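The structure appears right after this line, and notes come after that.
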Amino acid sequence: MLTELFPNLKLEDLTTATYETFYMTIIALIGTFVFGILLGLLLFLTRNGGMWQNKVLNVTTASFVNIFRAIPFIILILLLFPFTEFLMGTIRGPKAALPALIIGSAPFYARLVEIALREVDKGVVEAAKAMGAKTSTIIFKVLLPESMPALISGITVTAIALIGYTAMAGAIGAGGLGSYAYYSGFQRRDFDVVLICSVIIVVIVFIFQFLGDFITRKLDKR
Amino acid sequence: MISIEGLSKIFTSNKTDTTAVDNLTLSIDQGDIFGVIGYSGAGKSTFVRLLNRLEEPTNGRVVINDQVVTALNKKDLRIARQDIGMIFQHFNLLWSRTVEENIAFPLEIAGVSKEERLERVHSLIDLVGLSGKEQSYPSQLSGGQKQRVGIARALANKPSVLLCDEATSALDPETTNAILDLLVDINRQLGLTIILITHEMHVIRKICNQVAVMENGKVVEQGNVLDVFLHPQQSVTKKFVKQVMGSDEEDNDINQLIKNNEQGKIIRLHFVGETTNDALISQIIKTYQVDVSILQGKITQTQAGAYGTLFIQMGGNQDDVTQAITFIREQTSVELEVVRDAD
């Protein structure tokens with residue numbers, strides 16, 4: 001039936017493309033989560049009145065974050081080609097898309113992390129200090145657990161943007177559903193392929209949103 | 001023993017200096033329940049934060065149990081803080097942890113082994129009366145229960161000092177009393193020193209034995225709670241004493257009493273401390289055959305005994321009345337004043 005409705009669709013290609021999209025999204029998401037939290041913590045801790053108050057480091061981090069958030073993603077990929085080639089040894093395929101995906105979305109997530117950390121009750125941090133906690137203890141046992149629901153809903157928002165980015169990366173050779181829709185669909189005027197790719201991407205977005213909401217709700221004991 | 005010498009804190013913002021704590025000198029004995037009272041902005045919250053250096057003092061010294069807290073480096077300060085428990089107005093519990101895990105947190109910080117942690121947590125839960133709530137999250141508890149968790153958490157590392165920053169200000173009167181009773185219990189059972197910040201004289205009256213009154217960053221009056229209640233010197237102190245005694249219109253009331261009761265002597269009894277527990281009134285009625293009616297009065301309990309004033313009317317045989325008065329004056333610690341003599 002699928003072949004009647006979508007005569008130009010090759011199921012094998014579609015499966016590969018979907019797999020590649022998942023691969024790029026999940027690996028890039030893990031990278032974004034780690035780097036975003038690191039950057040977010042750095043922004044939060046070095047700010048004025050923070051535990052590691054340091055103007056130089058704060059301004060440097062903030063500039064890095066702002067610059068990479070300002071560059072449109074499609075240009076960022078092109079800009080990062082030399083870096084990607086150096087790091088991954090190639091500029092084609094899903095793996096090659098990862099550095100650009102992470103560098104493109106980690107700064108965005110870092111800002112969400114910073115906001116989440118600012119929402120942590122200052123009294124709780126003060127209580128931990130009064131107990132004699134080290135800064136590392138405060139980070140891992142107070143700041144991160146207390147902001148976890150916001151960190152998870154933040155990564156959900158970032159994941160959805162990231163899925164969009166993978167499609168863009170696909171259009172310049174990274175593979176995945178974006179690539180399949182563009183090369184096998186749009187360029188050959190086979191719009192049934194474009195349509196089915198869109199539908200699958202929407203389904204993936206829904207899955208991520210549902211999972212994110214579910215985990216956030218489970219974690220939030222407030 | 002805690003001694004505080006010349007402690008000051010100056011906050012600087014936008015080139016203007018605000019002196020929150022001004023050259024404060026105090027000493028607090030081991031086992032005291034020491035109250036610091038003042039209106040908001042008096043600097044009392046800053047003061048308590050200077051003791052464990054949550055705020056860095058601008059000047060002065062804090063010595064707790066022979067350790068100069070103000071001279072410690074960061075690492076030693078962290079260890080010293082484990083010996084200073086602290087509870088807060090808004091409890092400051094971690095919402096992501098259960099009651100049990102919240103109480104275990106300071107033990108994790110101190111590096112206590114898991115088995116010992118569990119054991120200690122359970123005895124603390126018993127101590128503060130939260131059995132059955134081990135697995136609850138703070139959001140499932142009432143304000144009073146949250147403060148109990150806060151107290152258990154503050155006591156986890158067996159501190160010698162407990163700092164209470166407006167610990168009952170967010171609670172209703174009944175819960176406040178329950179928490180205050182718990183603090184007295186803990187003070188007696190564990191012998192730890194409690195320093196308590198509040199703006200309610202009721203709290204001081206109920207549990208403290210020493211009090212310091214703060215205004216504009218300075219201690220304006222300090223001493224034994226009963227003495228301060230009896231002879232308040234400063235106008236702030238008088239205002240605070242009125243909070244619990246409400247004796248502002250006393251003079252009007254006396255005139256009213258004299259007008260309304262035409263017979264017999266009207267006597268003001270001033271109770272200070274221990275003897276209130278003895279049945280003074282019934283004793284003089286039985287011994288001296290006088291008629292006594294109680295006109296007006298208020299007696300309140302402090303940690304050092306009762307304190308208050310009672311107006312009575314005493315009638316009967318002149319000699320009996322005189323003897324009764326002499327007895328009260330000479331044999332008891334109650335201060336007696338004859339407001340109106342019989343005709």
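Following the order of the structure tokens, chains are lettered A, B, ..., residues in each are numbered from 1, and ligands are numbered from 1.
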
Neighbours of segment 205-210 of chain A within 9 Å (only C-alpha atoms; same-chain residues fewer than 4 positions away dropped), as a JSON list (two decimals) with C-alpha atoms, in the first residue's frame?
[["chain", "number", "residue", "atom", "x", "y", "z"],
["A", 153, "SER", "CA", 12.83, 20.59, 29.67],
["A", 156, "THR", "CA", 13.90, 18.90, 25.12],
["A", 157, "VAL", "CA", 13.54, 22.32, 23.53],
["A", 159, "ALA", "CA", 16.50, 18.54, 20.90],
["A", 160, "ILE", "CA", 13.69, 19.83, 18.70],
["A", 163, "ILE", "CA", 16.34, 17.81, 14.73],
["A", 200, "ILE", "CA", 8.58, 11.14, 9.99],
["A", 201, "ILE", "CA", 10.39, 14.21, 11.27],
["A", 214, "PHE", "CA", 7.44, 12.67, 30.89],
["A", 215, "ILE", "CA", 10.92, 12.74, 32.47]]

Contacts from chain B to chain A, 8 Å maximum, only C-alpha atoms: show me the residue list as a PyMOL selection string. chain B and resi 52+54+77-82+84-86+90+92-96+106+109-110+137-139+154

Per DSSP on the backbone, what are the alpha helix (DSSP H) residues of segment 86-335 of chain B, as a PyMOL selection string? chain B and resi 99-109+114-127+143-155+173-190+201-207+225-230+235-245+250-260+280-288+318-331

Write out as an NGL selection string the residues lying within 10 Å of Arg268 of chain B, counting only C-alpha atoms and excluding same-chain residues fewer than 2 positions away. :B and (254 or 265-266 or 270-271 or 295-297 or 309-313 or 334-340)

Could you name the residues that touch Arg148 of chain B at 8 Å or less, counting only C-alpha atoms, but leaving out those on the same chain fewer than 4 positions away, as a CSV table (one decimal) with N, CA and C atoms, in the first residue's frame?
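Resulting contents of selection-v1.csv:
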chain,number,residue,atom,x,y,z
B,128,VAL,N,13.2,14.5,66.4
B,128,VAL,CA,12.4,15.6,66.0
B,128,VAL,C,10.9,15.2,65.8
B,129,GLY,N,10.6,14.0,66.0
B,129,GLY,CA,9.2,13.5,65.9
B,129,GLY,C,8.7,13.5,64.5
B,130,LEU,N,9.5,12.9,63.6
B,130,LEU,CA,9.0,12.8,62.2
B,130,LEU,C,8.9,11.3,61.7
B,144,GLY,N,5.6,23.3,59.8
B,144,GLY,CA,6.2,22.9,61.1
B,144,GLY,C,7.1,21.6,60.8
B,152,ALA,N,16.6,18.7,62.3
B,152,ALA,CA,17.3,17.4,62.3
B,152,ALA,C,18.6,17.5,61.4
B,179,ILE,N,7.7,24.1,67.8
B,179,ILE,CA,9.1,24.1,67.4
B,179,ILE,C,10.0,24.7,68.5
